[in-house]
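Note: the block below is entry_19.txt and it holds compact mmCIF, C-alpha atoms (C1' of nucleotides).
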```
# COMPACT_ATOMS: atom_id res chain seq x y z
CA MET E 1 108.91 -62.45 -127.82
CA ALA E 2 109.39 -61.88 -124.13
CA VAL E 3 109.29 -65.59 -123.40
CA ALA E 4 112.34 -66.15 -125.54
CA THR E 5 114.43 -63.75 -123.48
CA LEU E 6 113.34 -65.60 -120.35
CA THR E 7 115.19 -68.69 -121.52
CA HIS E 8 118.41 -66.83 -120.95
CA ASP E 9 118.07 -65.25 -117.54
CA PRO E 10 114.99 -63.48 -116.29
CA LEU E 11 116.86 -61.51 -113.65
CA ASP E 12 119.02 -58.52 -114.32
CA GLY E 13 122.50 -58.37 -112.88
CA ARG E 14 121.56 -56.32 -109.86
CA GLN E 15 118.86 -58.75 -108.78
CA ARG E 16 121.13 -61.77 -109.25
CA VAL E 17 123.73 -60.11 -107.02
CA LEU E 18 121.07 -59.31 -104.43
CA ASN E 19 119.75 -62.88 -104.37
CA ALA E 20 123.19 -64.39 -104.13
CA ALA E 21 124.19 -61.96 -101.39
CA ALA E 22 121.09 -62.72 -99.31
CA GLU E 23 121.75 -66.45 -99.47
CA ARG E 24 125.42 -66.12 -98.53
CA PHE E 25 124.79 -63.64 -95.71
CA VAL E 26 122.12 -65.92 -94.21
CA ASP E 27 124.37 -68.98 -94.36
CA GLN E 28 127.70 -67.47 -93.36
CA GLY E 29 127.04 -64.13 -91.72
CA TYR E 30 128.31 -60.78 -92.91
CA ALA E 31 132.04 -60.90 -92.22
CA ALA E 32 132.59 -64.46 -93.44
CA THR E 33 130.93 -63.71 -96.77
CA THR E 34 133.19 -62.34 -99.50
CA LEU E 35 132.24 -60.28 -102.51
CA ARG E 36 134.11 -62.82 -104.62
CA GLN E 37 131.73 -65.57 -103.45
CA ILE E 38 128.66 -63.45 -104.14
CA ALA E 39 129.95 -62.50 -107.56
CA ALA E 40 130.70 -66.11 -108.47
CA ASP E 41 127.17 -67.15 -107.43
CA ALA E 42 125.74 -64.36 -109.56
CA GLY E 43 127.90 -65.31 -112.54
CA ILE E 44 130.04 -62.18 -112.65
CA LYS E 45 133.38 -60.97 -111.28
CA ALA E 46 133.85 -59.25 -107.93
CA GLY E 47 134.69 -55.84 -109.31
CA SER E 48 131.43 -55.75 -111.26
CA ILE E 49 129.40 -55.68 -108.06
CA TYR E 50 130.43 -52.05 -107.62
CA HIS E 51 128.45 -51.09 -110.68
CA HIS E 52 125.29 -52.01 -108.71
CA PHE E 53 126.23 -51.26 -105.09
CA PRO E 54 128.75 -48.78 -103.71
CA SER E 55 130.06 -51.08 -100.96
CA LYS E 56 129.63 -54.42 -99.21
CA GLU E 57 127.82 -52.63 -96.41
CA ALA E 58 125.36 -51.02 -98.82
CA LEU E 59 124.72 -54.41 -100.41
CA PHE E 60 123.84 -55.94 -97.06
CA ALA E 61 121.64 -52.98 -96.17
CA ALA E 62 119.77 -53.51 -99.45
CA VAL E 63 119.23 -57.18 -98.56
CA LEU E 64 117.80 -56.21 -95.16
CA GLU E 65 115.53 -53.57 -96.67
CA ASP E 66 114.12 -56.10 -99.10
CA GLY E 67 113.57 -58.46 -96.16
CA ILE E 68 111.46 -55.89 -94.34
CA ARG E 69 109.51 -55.22 -97.51
CA VAL E 70 108.68 -58.94 -97.80
CA MET E 71 107.53 -59.04 -94.16
CA GLU E 72 105.38 -55.92 -94.47
CA SER E 73 103.59 -57.01 -97.61
CA ALA E 74 102.98 -60.45 -96.11
CA PHE E 75 101.55 -58.74 -93.02
CA GLU E 76 99.25 -56.59 -95.11
CA GLY E 77 98.11 -59.61 -97.13
CA ALA E 78 96.95 -61.32 -93.94
CA GLU E 79 94.09 -58.93 -93.18
CA THR E 80 91.40 -61.36 -94.30
CA HIS E 81 89.92 -63.00 -91.19
CA ASP E 82 87.67 -61.55 -88.53
CA ARG E 83 87.60 -63.85 -85.50
CA SER E 84 90.31 -62.54 -83.24
CA ALA E 85 92.16 -65.83 -82.80
CA ASP E 86 92.16 -66.42 -86.56
CA LEU E 87 93.33 -62.88 -87.22
CA LEU E 88 96.40 -63.50 -85.12
CA GLN E 89 97.04 -66.89 -86.70
CA ALA E 90 96.77 -65.40 -90.17
CA HIS E 91 99.50 -62.92 -89.34
CA VAL E 92 101.69 -65.54 -87.71
CA ARG E 93 101.31 -67.59 -90.87
CA ALA E 94 102.23 -64.55 -92.95
CA HIS E 95 105.37 -63.89 -90.92
CA LEU E 96 106.43 -67.54 -91.15
CA GLY E 97 105.71 -67.45 -94.87
CA ALA E 98 108.00 -64.45 -95.23
CA LEU E 99 110.69 -66.39 -93.39
CA PHE E 100 110.46 -69.67 -95.29
CA GLU E 101 108.68 -69.10 -98.59
CA HIS E 102 109.98 -65.85 -100.05
CA GLY E 103 113.71 -66.27 -100.39
CA PRO E 104 116.43 -65.59 -97.86
CA PHE E 105 115.84 -61.85 -97.49
CA THR E 106 113.67 -62.06 -94.40
CA ALA E 107 115.80 -64.81 -92.86
CA ALA E 108 118.75 -62.43 -93.07
CA HIS E 109 117.12 -60.39 -90.30
CA VAL E 110 117.16 -63.39 -87.98
CA THR E 111 120.47 -65.08 -88.70
CA ALA E 112 122.72 -62.35 -90.08
CA PHE E 113 121.46 -59.06 -88.65
CA PHE E 114 123.67 -59.16 -85.59
CA THR E 115 126.75 -60.03 -87.63
CA ALA E 116 126.46 -56.78 -89.58
CA PRO E 117 128.70 -53.80 -88.83
CA GLN E 118 127.11 -51.42 -86.35
CA VAL E 119 126.60 -48.73 -89.00
CA VAL E 120 124.41 -51.11 -91.04
CA ARG E 121 122.44 -52.23 -88.00
CA GLU E 122 121.74 -48.67 -86.92
CA ALA E 123 120.63 -47.65 -90.40
CA ILE E 124 118.04 -50.42 -90.56
CA VAL E 125 116.57 -49.97 -87.07
CA PRO E 126 113.92 -47.39 -88.09
CA VAL E 127 112.65 -49.74 -90.80
CA ARG E 128 112.39 -52.60 -88.32
CA ASP E 129 110.60 -50.35 -85.84
CA ARG E 130 107.86 -49.71 -88.39
CA TYR E 131 107.20 -53.44 -88.71
CA GLU E 132 107.19 -53.90 -84.94
CA ARG E 133 104.60 -51.16 -84.57
CA LEU E 134 102.31 -53.05 -86.95
CA TRP E 135 102.48 -55.99 -84.56
CA ASN E 136 101.90 -53.83 -81.49
CA THR E 137 98.71 -52.53 -83.06
CA LEU E 138 97.59 -56.02 -84.00
CA LEU E 139 98.16 -57.35 -80.48
CA GLY E 140 96.14 -54.47 -79.08
CA GLN E 141 93.23 -55.50 -81.34
CA VAL E 142 93.45 -59.22 -80.71
CA LEU E 143 94.09 -59.04 -76.97
CA PRO E 144 92.21 -55.95 -75.74
CA GLU E 145 92.23 -57.34 -72.19
CA LEU E 146 96.04 -57.50 -72.05
CA GLU E 147 97.52 -54.67 -70.00
CA PRO E 148 99.16 -52.22 -72.44
CA LEU E 149 102.36 -52.36 -70.38
CA ARG E 150 102.65 -56.09 -70.99
CA ARG E 151 102.10 -55.83 -74.73
CA PRO E 152 105.73 -55.18 -75.67
CA VAL E 153 106.91 -58.23 -73.76
CA ALA E 154 104.15 -60.33 -75.31
CA ARG E 155 105.25 -59.20 -78.75
CA LEU E 156 108.88 -60.01 -78.00
CA LEU E 157 107.93 -63.50 -76.82
CA LEU E 158 105.87 -64.05 -79.97
CA PHE E 159 108.72 -62.82 -82.17
CA GLY E 160 111.08 -65.10 -80.28
CA ALA E 161 108.81 -68.08 -80.93
CA MET E 162 108.36 -67.29 -84.63
CA ASN E 163 111.94 -66.34 -85.44
CA SER E 164 113.60 -69.15 -83.53
CA THR E 165 111.88 -71.65 -85.84
CA ILE E 166 114.48 -70.72 -88.45
CA GLU E 167 116.92 -72.86 -86.48
CA TRP E 168 114.90 -76.07 -86.59
CA PHE E 169 111.82 -75.95 -88.83
CA ASP E 170 112.06 -77.74 -92.17
CA PRO E 171 109.34 -76.71 -94.65
CA ALA E 172 109.84 -80.05 -96.43
CA GLY E 173 109.31 -82.06 -93.22
CA ASP E 174 106.22 -83.60 -91.61
CA LEU E 175 104.92 -80.39 -90.08
CA SER E 176 103.45 -77.92 -92.59
CA LEU E 177 103.78 -74.16 -92.33
CA ASP E 178 100.03 -73.91 -91.71
CA GLU E 179 100.30 -76.37 -88.85
CA LEU E 180 103.32 -74.57 -87.44
CA ALA E 181 101.43 -71.27 -87.52
CA GLN E 182 98.49 -72.84 -85.70
CA LEU E 183 100.79 -74.45 -83.14
CA ILE E 184 102.66 -71.24 -82.38
CA THR E 185 99.48 -69.17 -82.19
CA GLU E 186 97.75 -71.57 -79.82
CA HIS E 187 100.86 -71.92 -77.71
CA PHE E 188 101.18 -68.14 -77.54
CA LEU E 189 97.55 -67.78 -76.44
CA HIS E 190 97.09 -70.79 -74.17
CA GLY E 191 100.48 -72.38 -73.41
CA VAL E 192 101.62 -75.99 -73.80
CA ARG E 193 98.52 -77.51 -72.28
CA ALA E 194 96.42 -76.16 -75.13
CA MET C 195 150.58 -64.58 -49.23
CA ALA C 196 148.19 -65.62 -51.94
CA VAL C 197 146.16 -62.45 -51.55
CA ALA C 198 149.14 -60.34 -52.53
CA THR C 199 149.43 -62.03 -55.90
CA LEU C 200 145.74 -61.38 -56.44
CA THR C 201 146.34 -57.66 -56.43
CA HIS C 202 148.16 -58.05 -59.72
CA ASP C 203 145.90 -60.23 -61.82
CA PRO C 204 143.96 -63.16 -60.48
CA LEU C 205 143.59 -64.79 -63.89
CA ASP C 206 146.30 -66.60 -65.73
CA GLY C 207 147.01 -65.75 -69.35
CA ARG C 208 144.92 -68.53 -70.77
CA GLN C 209 141.83 -67.49 -68.82
CA ARG C 210 142.24 -63.83 -69.76
CA VAL C 211 142.41 -64.81 -73.43
CA LEU C 212 139.33 -67.00 -73.04
CA ASN C 213 137.31 -64.24 -71.37
CA ALA C 214 138.30 -61.65 -73.93
CA ALA C 215 137.54 -64.04 -76.78
CA ALA C 216 134.08 -64.88 -75.45
CA GLU C 217 133.17 -61.21 -75.17
CA ARG C 218 134.40 -60.34 -78.66
CA PHE C 219 132.79 -63.37 -80.30
CA VAL C 220 129.44 -62.58 -78.67
CA ASP C 221 129.55 -58.94 -79.78
CA GLN C 222 131.01 -59.31 -83.26
CA GLY C 223 130.64 -62.90 -84.35
CA TYR C 224 133.46 -65.26 -85.27
CA ALA C 225 134.75 -63.90 -88.57
CA ALA C 226 134.65 -60.23 -87.60
CA THR C 227 136.69 -60.88 -84.48
CA THR C 228 140.46 -60.78 -84.88
CA LEU C 229 143.10 -62.39 -82.71
CA ARG C 230 144.72 -58.98 -82.43
CA GLN C 231 141.58 -57.60 -80.74
CA ILE C 232 141.39 -60.54 -78.35
CA ALA C 233 145.09 -60.27 -77.54
CA ALA C 234 144.84 -56.53 -76.90
CA ASP C 235 141.87 -57.06 -74.55
CA ALA C 236 143.84 -59.73 -72.70
CA GLY C 237 146.91 -57.52 -72.47
CA ILE C 238 149.22 -59.58 -74.66
CA LYS C 239 150.29 -59.74 -78.32
CA ALA C 240 148.48 -61.75 -80.99
CA GLY C 241 151.23 -64.30 -81.50
CA SER C 242 151.18 -65.19 -77.79
CA ILE C 243 147.68 -66.60 -78.09
CA TYR C 244 149.17 -69.61 -79.85
CA HIS C 245 150.94 -70.61 -76.67
CA HIS C 246 147.47 -71.30 -75.17
CA PHE C 247 145.39 -72.35 -78.18
CA PRO C 248 146.50 -73.97 -81.44
CA SER C 249 144.16 -71.91 -83.67
CA LYS C 250 141.37 -69.36 -83.74
CA GLU C 251 138.91 -72.20 -84.32
CA ALA C 252 140.14 -74.09 -81.26
CA LEU C 253 139.82 -70.93 -79.19
CA PHE C 254 136.19 -70.48 -80.20
CA ALA C 255 135.48 -74.15 -79.55
CA ALA C 256 136.91 -73.72 -76.05
CA VAL C 257 134.60 -70.75 -75.47
CA LEU C 258 131.56 -72.80 -76.54
CA GLU C 259 132.58 -75.74 -74.36
CA ASP C 260 132.85 -73.48 -71.34
CA GLY C 261 129.41 -72.09 -72.21
CA ILE C 262 127.86 -75.55 -72.11
CA ARG C 263 129.61 -76.26 -68.83
CA VAL C 264 128.06 -73.13 -67.30
CA MET C 265 124.61 -74.15 -68.54
CA GLU C 266 124.90 -77.70 -67.27
CA SER C 267 126.07 -76.77 -63.81
CA ALA C 268 123.32 -74.15 -63.56
CA PHE C 269 120.81 -76.82 -64.57
CA GLU C 270 122.08 -79.21 -61.93
CA GLY C 271 122.00 -76.49 -59.29
CA ALA C 272 118.29 -75.95 -59.91
CA GLU C 273 117.12 -79.32 -58.58
CA THR C 274 115.76 -77.88 -55.36
CA HIS C 275 112.00 -77.49 -55.69
CA ASP C 276 109.29 -80.14 -55.75
CA ARG C 277 106.05 -78.63 -57.05
CA SER C 278 106.10 -79.27 -60.78
CA ALA C 279 105.53 -75.67 -61.84
CA ASP C 280 108.26 -74.44 -59.54
CA LEU C 281 110.64 -77.12 -60.76
CA LEU C 282 110.31 -75.83 -64.29
CA GLN C 283 110.63 -72.22 -63.21
CA ALA C 284 113.76 -73.01 -61.22
CA HIS C 285 115.38 -74.44 -64.34
CA VAL C 286 114.24 -71.56 -66.52
CA ARG C 287 115.78 -69.23 -63.95
CA ALA C 288 118.99 -71.28 -64.03
CA HIS C 289 119.22 -71.12 -67.83
CA LEU C 290 118.59 -67.36 -67.83
CA GLY C 291 121.18 -67.00 -65.09
CA ALA C 292 123.70 -68.83 -67.24
CA LEU C 293 122.89 -66.43 -70.08
CA PHE C 294 123.08 -63.17 -68.15
CA GLU C 295 124.98 -63.69 -64.91
CA HIS C 296 127.98 -65.89 -65.70
CA GLY C 297 129.94 -64.08 -68.36
CA PRO C 298 129.58 -64.21 -72.11
CA PHE C 299 130.34 -67.92 -72.56
CA THR C 300 126.76 -69.11 -72.66
CA ALA C 301 125.62 -66.14 -74.71
CA ALA C 302 128.13 -67.19 -77.35
CA HIS C 303 125.89 -70.17 -78.10
CA VAL C 304 123.00 -67.86 -78.93
CA THR C 305 124.60 -64.97 -80.78
CA ALA C 306 127.82 -66.40 -82.25
CA PHE C 307 127.28 -70.12 -82.72
CA PHE C 308 125.97 -69.80 -86.25
CA THR C 309 128.81 -67.53 -87.30
CA ALA C 310 131.36 -70.24 -86.50
CA PRO C 311 133.01 -72.28 -89.26
CA GLN C 312 131.14 -75.49 -89.93
CA VAL C 313 133.92 -77.61 -88.46
CA VAL C 314 133.55 -75.86 -85.09
CA ARG C 315 129.75 -76.13 -85.16
CA GLU C 316 129.87 -79.84 -85.89
CA ALA C 317 132.40 -80.50 -83.15
CA ILE C 318 130.20 -78.88 -80.52
CA VAL C 319 126.88 -80.48 -81.52
CA PRO C 320 127.29 -83.61 -79.33
CA VAL C 321 127.91 -81.41 -76.29
CA ARG C 322 124.80 -79.36 -77.02
CA ASP C 323 122.77 -82.53 -77.49
CA ARG C 324 123.61 -83.63 -73.98
CA TYR C 325 122.19 -80.40 -72.56
CA GLU C 326 119.06 -80.70 -74.67
CA ARG C 327 118.46 -84.22 -73.39
CA LEU C 328 118.51 -82.87 -69.82
CA TRP C 329 115.64 -80.59 -70.80
CA ASN C 330 113.71 -83.35 -72.58
CA THR C 331 113.84 -85.41 -69.40
CA LEU C 332 112.73 -82.45 -67.29
CA LEU C 333 109.77 -81.70 -69.56
CA GLY C 334 108.72 -85.34 -69.35
CA GLN C 335 108.65 -85.03 -65.54
CA VAL C 336 106.92 -81.67 -65.37
CA LEU C 337 104.37 -82.33 -68.12
CA PRO C 338 103.60 -86.05 -67.97
CA GLU C 339 100.30 -85.47 -69.81
CA LEU C 340 102.05 -83.95 -72.85
CA GLU C 341 102.21 -86.38 -75.77
CA PRO C 342 105.83 -87.56 -76.07
CA LEU C 343 105.76 -86.65 -79.77
CA ARG C 344 105.02 -83.03 -78.92
CA ARG C 345 107.79 -82.74 -76.36
CA PRO C 346 110.59 -81.83 -78.79
CA VAL C 347 108.56 -78.98 -80.24
CA ALA C 348 107.62 -77.78 -76.76
CA ARG C 349 111.30 -77.77 -75.81
CA LEU C 350 112.23 -75.83 -78.93
CA LEU C 351 109.55 -73.23 -78.22
CA LEU C 352 110.80 -72.87 -74.65
CA PHE C 353 114.41 -72.54 -75.82
CA GLY C 354 113.28 -69.96 -78.37
CA ALA C 355 111.56 -67.96 -75.63
CA MET C 356 114.52 -68.13 -73.24
CA ASN C 357 117.31 -67.54 -75.75
CA SER C 358 115.61 -64.73 -77.65
CA THR C 359 115.65 -62.65 -74.47
CA ILE C 360 119.34 -62.05 -75.15
CA GLU C 361 118.23 -59.58 -77.82
CA TRP C 362 116.15 -57.37 -75.56
CA PHE C 363 116.42 -58.18 -71.86
CA ASP C 364 118.50 -55.83 -69.73
CA PRO C 365 119.45 -57.28 -66.33
CA ALA C 366 119.88 -53.73 -65.03
CA GLY C 367 116.36 -52.71 -66.13
CA ASP C 368 113.00 -52.71 -64.35
CA LEU C 369 112.31 -56.40 -64.85
CA SER C 370 114.44 -58.71 -62.67
CA LEU C 371 115.76 -62.07 -63.80
CA ASP C 372 113.50 -63.78 -61.26
CA GLU C 373 110.48 -61.98 -62.70
CA LEU C 374 111.56 -62.80 -66.24
CA ALA C 375 111.87 -66.48 -65.35
CA GLN C 376 108.39 -66.46 -63.81
CA LEU C 377 106.95 -64.64 -66.83
CA ILE C 378 108.47 -67.04 -69.35
CA THR C 379 107.49 -70.12 -67.37
CA GLU C 380 103.87 -69.00 -66.94
CA HIS C 381 103.64 -67.95 -70.56
CA PHE C 382 105.05 -71.31 -71.62
CA LEU C 383 102.51 -73.19 -69.49
CA HIS C 384 99.38 -71.04 -69.91
CA GLY C 385 99.90 -68.50 -72.69
CA VAL C 386 99.45 -64.71 -72.66
CA ARG C 387 96.12 -64.79 -70.85
CA ALA C 388 97.81 -66.26 -67.78
C1' DG R 389 154.88 -67.27 -71.29
C1' DT R 390 155.50 -63.36 -74.00
C1' DC R 391 157.90 -60.88 -77.34
C1' DT R 392 159.31 -59.16 -82.38
C1' DA R 393 159.27 -59.96 -87.04
C1' DT R 394 157.40 -61.73 -90.92
C1' DA R 395 155.61 -65.14 -94.15
C1' DG R 396 151.73 -66.02 -97.11
C1' DG R 397 147.26 -65.36 -98.37
C1' DG R 398 142.94 -63.08 -99.25
C1' DA R 399 140.01 -59.25 -98.28
C1' DG R 400 137.41 -54.71 -100.12
C1' DA R 401 137.82 -51.37 -103.29
C1' DT R 402 139.39 -48.70 -107.63
C1' DA R 403 140.89 -47.59 -112.59
C1' DG R 404 140.33 -47.95 -117.11
C1' DA R 405 139.62 -50.99 -121.33
C1' DC R 406 135.93 -52.97 -123.99
C1' DG I 407 127.45 -53.76 -117.56
C1' DT I 408 131.31 -56.57 -117.19
C1' DC I 409 136.07 -57.40 -117.49
C1' DT I 410 141.25 -57.54 -116.01
C1' DA I 411 144.62 -55.85 -113.20
C1' DT I 412 146.07 -54.09 -109.16
C1' DC I 413 146.39 -51.22 -104.81
C1' DT I 414 146.45 -51.32 -100.00
C1' DC I 415 145.41 -53.29 -95.95
C1' DC I 416 145.04 -56.70 -92.46
C1' DC I 417 144.26 -61.38 -91.43
C1' DT I 418 146.03 -66.13 -89.31
C1' DA I 419 149.84 -68.45 -88.29
C1' DT I 420 154.90 -69.46 -87.63
C1' DA I 421 159.92 -68.92 -86.12
C1' DG I 422 163.03 -67.96 -82.93
C1' DA I 423 164.93 -64.63 -79.25
C1' DC I 424 164.43 -63.61 -74.36
```
Go ahead and express the file in the form of structure tokens.
Amino acid sequence: MAVATLTHDPLDGRQRVLNAAAERFVDQGYAATTLRQIAADAGIKAGSIYHHFPSKEALFAAVLEDGIRVMESAFEGAETHDRSADLLQAHVRAHLGALFEHGPFTAAHVTAFFTAPQVVREAIVPVRDRYERLWNTLLGQVLPELEPLRRPVARLLLFGAMNSTIEWFDPAGDLSLDELAQLITEHFLHGVRA
Amino acid sequence: MAVATLTHDPLDGRQRVLNAAAERFVDQGYAATTLRQIAADAGIKAGSIYHHFPSKEALFAAVLEDGIRVMESAFEGAETHDRSADLLQAHVRAHLGALFEHGPFTAAHVTAFFTAPQVVREAIVPVRDRYERLWNTLLGQVLPELEPLRRPVARLLLFGAMNSTIEWFDPAGDLSLDELAQLITEHFLHGVRA
DNA sequence: GTCTATAGGGAGATAGAC
DNA sequence: GTCTATCTCCCTATAGAC
């Protein structure tokens, strides 16, 4: 039965390599991470990685693409509320969930993206743009009174607030992810004196 | 006369190495930067770097220490205003000035700090703590009504807003640094609807 | 203070057996 | 799909001349 095979390892080799790579890239950055480390984490030898990915660069690009996919599906899953403030908070919660609850793929965009070789960064920019446009649209809905020209800056400030939490927020600490999402949303809308 | 010597190169070898290193580390991260690149930028050979610094790690630590020094002296230079909102804005402007107007040393803390070997990161933490305490004290003055328990999070959100500008702000663009400081301060205090 | 030369190690990538 | 073995390259760091 299928359950029996799960007692061995539920993930195929490619996925184990991808998971190990994401974790290493997030912790150490691109250049400091070696294929030998990734292979050891995945339980294989370095040369075997090339059966799944043509190069170290392609492996990192695959990690980043998966990260965007996690963010986009979280964003789409947040379309449940109707009050405008709650709609925003639901999406902030979704983005934070992608960062902290769905593996290191999304976090790679925050901590490791700028350590990647330029060719990898440039290849992933169009995919990131798509996600940013989702947020532009959302901000236009939630804050119709905000001048369109100020929307991009507002989005960048919100991204800065959400993504910088990766440096200090501990999901196992006193503050829950729900509370963090509420805090960031209210701060974004009304400032510290909220 | 002294001026005549300046027509050759006003910086001694050690300072040229330090400047070149800061720029490379900011752009490429720690591991991707080689001593050969730094030496070439500074106009010397790689082996000569060891006359000024005992190791690549020590060189990066020196860059980070200079970065903190720039931030601290900018912070101290901002103690000129008295209205509480202006006092905060003056310090935000000082921090942004340290990031964008005084070479790449401060920026290294934002873009390259997490690419450093753990031993370098740990060595620099006490120096960073000192700077963060300056901001805790300032926030206590400017926002006396803010619950003390919420101050650390407020500071982290403000740091996130200021430091994330390194990814998108262009000092040569339409928005000036003064305007950016005002925008971030008002957003921090009152939110987007300000 | 900078050079040349090089030691010693480890990186990404490839070839071919199983 | 994974292995072993290895190629080639380039890294940090050192030694000693000038």
Point to revise | Interface list for chain C, partner chain R, 10 Å threshold, only C-alpha atoms (C1' of nucleotides), as number ranges by chain | key: C: 207, 238-239, 241-243, 245-246
Practice item. One decimal, Å: what's the distance from atom CA of Gly140 of chain E over to atom CA of His381 of chain C, could you say? Key: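 Interatomic distance here is 17.6 Å.
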Practice item. Choose the residue, out of E:Leu149, E:Val119, E:Val17, E:Leu157, that has the smallest atom-to-atom separation from chain C; count only C-alpha atoms. Key: E:Leu157
**Study point:** Separation of atom CA of Arg150 of chain E from atom CA of Val192 of chain E, in Å and rounded to one decimal
**Key:**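 Atom CA of Val192 of chain E lies at a distance of 20.1 Å from atom CA of Arg150 of chain E.
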Check your understanding: What separation in Å, quoted to one decimal, exists between atom CA of Leu11 of chain E and atom CA of Gly43 of chain E?
Key ->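 So the answer is 11.7 Å.
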Practice item. Could the residues of chain I within 12 Å of chain E, counting only C-alpha atoms (C1' of nucleotides), be given as a ChimeraX atom specification, please? Key: /I:407-412
Practice item. Can you pull out every residue within 8 Å of Phe75 of chain E, counting all atoms listed in the file, but drop anything in the same chain fewer than 5 positions away, and send it as a ChimeraX atom specification? Key: /E:91,94-95
Exercise for review: Return the single residue from C:Glu251, C:Asp372, C:Glu361, C:Asp280 that is closest to chain E, with distances computed using all atoms listed in the file.
Suggested key: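 Once distances to chain E are computed over all atoms listed in the file, the minimum belongs to C:Glu361.
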Exercise for review: Could you check which of E:Asn19, E:Gln182, E:Gln89, E:Thr111 is closest to chain C, using all atoms listed in the file?
Suggested key: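 Under the stated criterion, the closest residue is E:Thr111.
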Practice item. For chain E, list the residues within 9 Å of chain C, counting only C-alpha atoms, and write the list as JSON, numbers by chain. Key: {"E": [27, 28, 29, 30, 31, 32, 111, 112, 114, 115, 116, 117, 143, 145, 146, 154, 156, 157, 158, 159, 160, 161, 162, 163, 164, 165, 168, 184, 186, 187, 188, 189, 190, 191, 192, 193, 194]}
Check your understanding: Using all atoms listed in the file, which of the listed residues (E:Met71, E:Phe25, E:His109, E:Arg133) sits closest to Leu96 of chain E?
Key ->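 Of all the options, E:Met71 lies closest to Leu96 of chain E.
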Around all listed atoms of segment 408-423 of chain I, padded 3 Å per side, what centre and edge lengths does the axis-aligned box have in Å to one decimal, as JSON?
```
{"center_x": 148.1, "center_y": -60.3, "center_z": -98.4, "size_x": 39.6, "size_y": 24.2, "size_z": 44.2}
```
Check your understanding: What's the 12 Å shell around Gln141 of chain E, counting all atoms listed in the file, without same-chain residues fewer than 3 positions away, as a PyMOL selection string?
Key -> chain E and resi 82-85+87-88+134-138+144-146+148+151
